[in-house]
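Report on the following structure.
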Amino acid sequence: MSIRRIGALFAKDLKFATRNTIFVFAIVMPLLVSPLLGLMFGTIFSEKPKLGIVDTGGSQLADELLALDFLIVQTFPTEADLMTALEGGGMEVGLSLPAEFDAELQSGARTELTFYVWGQSLVRNRAIASAAITDRIVDLTGRATPVTISPVLVGDQAAVPWQQRLLPLVVLMSVMLGGILVPATSMVEEKLKRTLSAVTTTPMSMREVFLTKGMMGALLSVFSGFIILTLNGGWGPNPLLLLLVLGMGGIAAASFGVLLGSRVKDVQTLFAINKSIGIFIYAPAFIALFPDTIPQWIARLFPTYYIVQPVLDISQRGAGLGDVAVDLLVLTVITAALILGLSAAADRLQVQVA
Amino acid sequence: MTTHSIIAQDLTYAYGGNTAVDHISFEVGEGEIFGYLGPNGAGKSTTVKMLTGQIRPKHGSATLLGMDIVRETNQVQAFIGVAFETANLYGQMSAVENLTLFARLYGVKADVHALLEKVGLEGRAKERVEGYSKGMKQRLMVARALVNHPRILFLDEPTEGLDPVSAEAIRDLIRETRAGGTTVFLTTHDMVEADKLSDRVAFISQGKIAAIDTPHRLKQQYGKRLLRVEVEDGGGRLAAREITLDAADTGETVKRLFEREKVVTVHSEEATLEDIFIQITGRRLAG
């Protein structure tokens with residue numbers, strides 16, 4: 001392997017990529033889809049988180065929360081009124097503070113606090129309100145973690161917001177589209193124009209060509225994922241882990257793209273195949289659209305599940321390495337199998353293009 | 001002692017059950033222009049693919065510049081240049097960009113403008129190659145094959161389909177390259193071109209080498225030198241006479257002809273490589 005040769009071909013591919021519609025689309029797509037994803041992460045079109053409070057004892061916590069300008073806080077006379085507001089979506093989260101709340105808090109007698117959450121509220125808004133409540137309690141007591149906040153879903157608890165249902169599809173599109181199609185089309189064009197045979201009569205080997213095309217796809221894939229998460233504030237608490245998953249997903253997507261490009265004869269056939277296999281690539285995302293009617297375990301049968309699920313777990317639910325380790329292990333095995341396939345494909349293609 | 005740039009021993013390749021190159025052996029000397037002649041499908045391109053490391057021989061071996069093409073493919077490829085019969089340039093790129101890319105792939109610094117000047121493309125150096133004529137593309141392919149200052153240059157039908165001026169420009173470049181010490185392996189079915197350029201030629205037919213020698217010796221060995229004579233009969237009509245030059249009684253025959261008939265024109269005629277190819281293999285070169 002020669003970094004110089006790989007760099008030379010990569011620079012050429014990058015320079016002329018702007019004339020490749022797939023490449024441009026893969027770059028532009030995250031910008032087009034961002035408004036949609038913004039809805040999902042709640043970064044646009046969403047108001048401030050709406051917090052309802054029942055404060056029967058004149059708690060100092062309620063006063064502190066009412067003073068916050070990044071929350072819309074409303075008090076309710078009874079818990080029944082608060083529940084009605086939460087079930088109807090008028091409030092996103094709610095607190096019911098008993099009369100003796102402040103005293104219990106100061107004495108350490110209260111160790112739990114119920115946090116009512118409207119089932120269709122945005123994840124981001126839940127997180128902001130929860131963090132604000134925790135911070136104020138810490139300020140009031142002067143202790144690090146005086147109470148555990150237990151969320152209780154209110155309203156249509158089984159319902160998953162459509163924003164969340166669509167999220168896997170958007171993430172998969174951003175990671176897979178450029179990752180697969182850019183190296184695949186590049187390989188097909190090099191074969192059709194016979195430039196591949198010219199390149200491989202220099203000291204550059206077919207494996208180096210594969211690596212170059214794969215790098216382009218993987219970097220584009222990571223770039224698209226990076227942009228879409230950045231524009232929408234979806235990095236969550238473990239950005240490095242998320243970047244690692246994006247990188248692994250990008251490598252898997254690009255490996256598949258190069259493999260596809262090495263086997264397909266022309267661009268028309270490539271797009272026809274891409275359409276027909278699209279259902280398998282995006283299957284985990286489609287399954288996530290219908291959580292009530294399709295058993296969600298079926299998504300695990302598709303390789304791309306092991307890209308999108310860790311991304312969502314880390315981004316939305318704050319998962320750590322331990323939580324996604326099994327999924328990443330499966331993704332590693334899938335990628336290794338693809339790379340082994342590429343090695344055999346390189347030898348076969350060398351004979352074909354000669 | 002002659003130094004050999006290329007030594008092929010028992011080279012064999014088969015596509016499935018179809019043997020394209022069948023146990024061929026030959027040697028090409030350093031600085032030699034070696035014409036590899038045969039009709040389409042004879043095994044010329046397959047031989048070149050084996051010699052340039054594009055495919056692995058099924059049997060036999062090839063050594064280029066003392067290096068085994070299978071075991072030391074990358075090292076060999078650093079010292080060879082290949083110009084293909086079919087244009088395979090990056091059409092979206094200019095001539096300069098094409099040559100610069102390949103110089104980088106070889107890891108050499110090349111004066112691409114000087115190369116383009118040599119092939120007469122300096123005026124169109126920055127235009128996209130997809131707008132070039134066939135002749136311009138062919139000249140650029142030859143320039144690309146020279147970008148790494150190769151010690152062995154493989155040319156596959158370099159003047160195929162070109163206008164006479166472009167073809168002659170490429171022939172001049174081949175001669176100039178050879179004068180610089182580069183060995184040229186010229187694959188063609190154009191016997192005139194091979195005759196003009198080659199120091200030695202090999203005839204390949206049905207995957208086997210039928211003959212190898214200098215064009216001159218092949219003509220001497222296999223060809224008949226003739227005198228073609230036009231004579232006028234008594235009625236003013238022209239008739240053709242043919243006299244073999246290398247016969248024992250050639251002098252006497254010519255003398256008798258001039259004494260008995262009214263000779264109008266006399267031309268000497270030498271056998272062409274194609275005549276000899278047909279004589280040896282029973283097949284024509286073209287097609």
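So you can find residues: chains in the structure tokens are A, B, ... in the order shown, residues in each start at 1, and ligands are numbered from 1 in order.
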Fewer than 2 positions away in the same chain doesn't count, so skip those; otherwise give me all residues within 7 Å of B:Tyr13, counting only C-alpha atoms, as a PDB file with C-alpha atoms, in the first residue's frame.
```
ATOM      1  CA  LEU B  11       4.014 -18.207 -21.249  1.00  0.00           C
ATOM      2  CA  TYR B  15      -9.805 -17.821 -20.763  1.00  0.00           C
ATOM      3  CA  THR B  19      -6.161 -21.096 -24.745  1.00  0.00           C
ATOM      4  CA  ALA B  20      -5.268 -17.569 -25.841  1.00  0.00           C
ATOM      5  CA  VAL B  21      -1.498 -17.830 -25.454  1.00  0.00           C
ATOM      6  CA  ASP B  22       0.018 -21.254 -25.818  1.00  0.00           C
ATOM      7  CA  PRO B  57       0.200 -16.384 -16.554  1.00  0.00           C
ATOM      8  CA  LYS B  58      -1.430 -19.772 -16.067  1.00  0.00           C
ATOM      9  CA  HIS B  59       1.923 -21.308 -16.884  1.00  0.00           C
TER      10      HIS B  59
END
```
Distance table requested - chain A against chain B, cut-off 10 Å, only C-alpha atoms: one row per qualifying residue with the closest atom pair and its distance in Å to one decimal, ordered by chain and rising residue number, as CSV.
```
residue,atom,partner,partner_atom,distance
A:Ser2,CA,B:Leu105,CA,9.4
A:Arg4,CA,B:Leu105,CA,7.4
A:Arg5,CA,B:Leu105,CA,4.9
A:Ile6,CA,B:Leu105,CA,8.2
A:Gly7,CA,B:Leu105,CA,9.1
A:Ala8,CA,B:Arg104,CA,6.1
A:Leu9,CA,B:Leu101,CA,7.4
A:Ala11,CA,B:Leu101,CA,9.2
A:Lys12,CA,B:Leu101,CA,7.5
A:Phe16,CA,B:Gln92,CA,7.9
A:Arg19,CA,B:Gln92,CA,9.0
A:Glu190,CA,B:Tyr90,CA,8.8
A:Lys191,CA,B:Asn88,CA,9.7
A:Leu192,CA,B:Asn88,CA,9.3
A:Lys193,CA,B:Asn88,CA,5.9
A:Arg194,CA,B:Asn88,CA,5.0
A:Thr195,CA,B:Asn88,CA,4.9
A:Leu196,CA,B:Asn88,CA,8.3
A:Ser197,CA,B:Gln54,CA,7.9
A:Ala198,CA,B:Asn88,CA,6.7
A:Val199,CA,B:Phe102,CA,7.7
A:Thr200,CA,B:Gln54,CA,7.3
A:Thr201,CA,B:Gln77,CA,6.3
A:Thr202,CA,B:Gln77,CA,5.4
A:Pro203,CA,B:Asn74,CA,4.5
A:Met204,CA,B:Leu105,CA,6.7
A:Ser205,CA,B:Asn74,CA,7.9
A:Asp347,CA,B:Ile55,CA,9.6
A:Gln350,CA,B:Gln54,CA,6.7
A:Val351,CA,B:Ile55,CA,5.7
A:Gln352,CA,B:Ile55,CA,9.0
A:Val353,CA,B:Gln54,CA,8.3
A:Ala354,CA,B:Gln54,CA,5.4
```
Include N, CA and C atoms and write out the residues we just selected as a short mmCIF file (atom, residue, chain, number, x, y, z; two decimals), in the first residue's frame.
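This is the output file result16.cif:
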```
data_model
loop_
_atom_site.label_atom_id
_atom_site.label_comp_id
_atom_site.auth_asym_id
_atom_site.auth_seq_id
_atom_site.Cartn_x
_atom_site.Cartn_y
_atom_site.Cartn_z
N SER A 2 0.54 2.19 -0.87
CA SER A 2 1.31 3.44 -0.93
C SER A 2 0.37 4.61 -0.64
N ARG A 4 1.11 7.66 -0.96
CA ARG A 4 1.26 8.65 -2.02
C ARG A 4 0.31 8.37 -3.19
N ARG A 5 0.28 7.11 -3.62
CA ARG A 5 -0.59 6.75 -4.75
C ARG A 5 -2.06 6.93 -4.37
N ILE A 6 -2.40 6.44 -3.17
CA ILE A 6 -3.79 6.55 -2.71
C ILE A 6 -4.18 8.03 -2.61
N GLY A 7 -3.26 8.83 -2.10
CA GLY A 7 -3.51 10.27 -1.97
C GLY A 7 -3.71 10.93 -3.33
N ALA A 8 -2.91 10.51 -4.32
CA ALA A 8 -3.01 11.11 -5.67
C ALA A 8 -4.38 10.81 -6.29
N LEU A 9 -4.81 9.55 -6.20
CA LEU A 9 -6.10 9.18 -6.79
C LEU A 9 -7.25 9.80 -6.00
N ALA A 11 -7.16 12.62 -4.32
CA ALA A 11 -7.23 14.05 -4.64
C ALA A 11 -7.93 14.27 -5.97
N LYS A 12 -7.65 13.38 -6.92
CA LYS A 12 -8.32 13.48 -8.22
C LYS A 12 -9.83 13.27 -8.06
N PHE A 16 -12.84 16.21 -8.71
CA PHE A 16 -13.86 16.09 -9.74
C PHE A 16 -15.20 15.60 -9.19
N ARG A 19 -18.54 17.40 -9.83
CA ARG A 19 -19.27 17.16 -11.09
C ARG A 19 -20.12 15.90 -11.01
N GLU A 190 -15.10 4.15 -13.70
CA GLU A 190 -13.69 3.82 -14.00
C GLU A 190 -13.61 2.55 -14.85
N LYS A 191 -14.54 1.63 -14.59
CA LYS A 191 -14.54 0.40 -15.40
C LYS A 191 -15.01 0.70 -16.82
N LEU A 192 -16.12 1.46 -16.90
CA LEU A 192 -16.70 1.74 -18.22
C LEU A 192 -15.74 2.51 -19.11
N LYS A 193 -15.05 3.47 -18.52
CA LYS A 193 -14.13 4.31 -19.32
C LYS A 193 -12.75 3.68 -19.42
N ARG A 194 -12.59 2.52 -18.84
CA ARG A 194 -11.34 1.74 -18.90
C ARG A 194 -10.16 2.43 -18.22
N THR A 195 -10.43 3.48 -17.48
CA THR A 195 -9.33 4.15 -16.78
C THR A 195 -8.76 3.26 -15.68
N LEU A 196 -9.60 2.31 -15.22
CA LEU A 196 -9.13 1.41 -14.17
C LEU A 196 -7.95 0.56 -14.67
N SER A 197 -8.03 0.13 -15.93
CA SER A 197 -6.92 -0.68 -16.45
C SER A 197 -5.67 0.18 -16.63
N ALA A 198 -5.86 1.47 -16.97
CA ALA A 198 -4.69 2.36 -17.10
C ALA A 198 -4.04 2.57 -15.73
N VAL A 199 -4.87 2.78 -14.72
CA VAL A 199 -4.34 3.04 -13.38
C VAL A 199 -3.62 1.80 -12.83
N THR A 200 -4.17 0.63 -13.10
CA THR A 200 -3.57 -0.58 -12.52
C THR A 200 -2.38 -1.12 -13.33
N THR A 201 -2.02 -0.45 -14.41
CA THR A 201 -0.74 -0.81 -15.05
C THR A 201 0.39 0.06 -14.51
N THR A 202 0.04 1.04 -13.68
CA THR A 202 1.06 1.75 -12.91
C THR A 202 1.30 0.89 -11.66
N PRO A 203 2.20 1.31 -10.78
CA PRO A 203 2.39 0.49 -9.57
C PRO A 203 1.17 0.46 -8.65
N MET A 204 0.12 1.18 -8.98
CA MET A 204 -1.07 1.17 -8.12
C MET A 204 -1.84 -0.13 -8.31
N SER A 205 -2.14 -0.79 -7.19
CA SER A 205 -2.85 -2.08 -7.26
C SER A 205 -4.35 -1.86 -7.16
N ASP A 347 -9.13 -9.08 -6.68
CA ASP A 347 -8.40 -10.01 -7.55
C ASP A 347 -9.22 -10.35 -8.80
N GLN A 350 -9.34 -7.36 -11.20
CA GLN A 350 -8.06 -7.15 -11.88
C GLN A 350 -8.02 -7.93 -13.19
N VAL A 351 -8.51 -9.17 -13.14
CA VAL A 351 -8.54 -10.01 -14.35
C VAL A 351 -9.58 -9.47 -15.33
N GLN A 352 -10.73 -9.02 -14.79
CA GLN A 352 -11.80 -8.54 -15.68
C GLN A 352 -11.40 -7.30 -16.46
N VAL A 353 -10.74 -6.37 -15.80
CA VAL A 353 -10.43 -5.10 -16.48
C VAL A 353 -9.22 -5.22 -17.40
N ALA A 354 -8.42 -6.27 -17.19
CA ALA A 354 -7.20 -6.42 -18.00
C ALA A 354 -7.56 -6.72 -19.45
#
```
* Mind pulling up the distance from atom CA of A:Gln309 to atom CA of A:Val326? -> 11.1 Å
* To do: Enter the distance from atom CA of B:Ala167 to atom CA of B:Lys224, in Å, rounded to one decimal.
  => 29.3 Å
* DSSP on the backbone, then: every residue of stretch 108-197 of chain B marked alpha helix (DSSP H), written as a ChimeraX atom specification. => /B:112-118,134-145,164-179,191-197
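If you look at atom CA of B:Leu197 and atom CA of B:Glu168, they are 10.8 Å away from each other.
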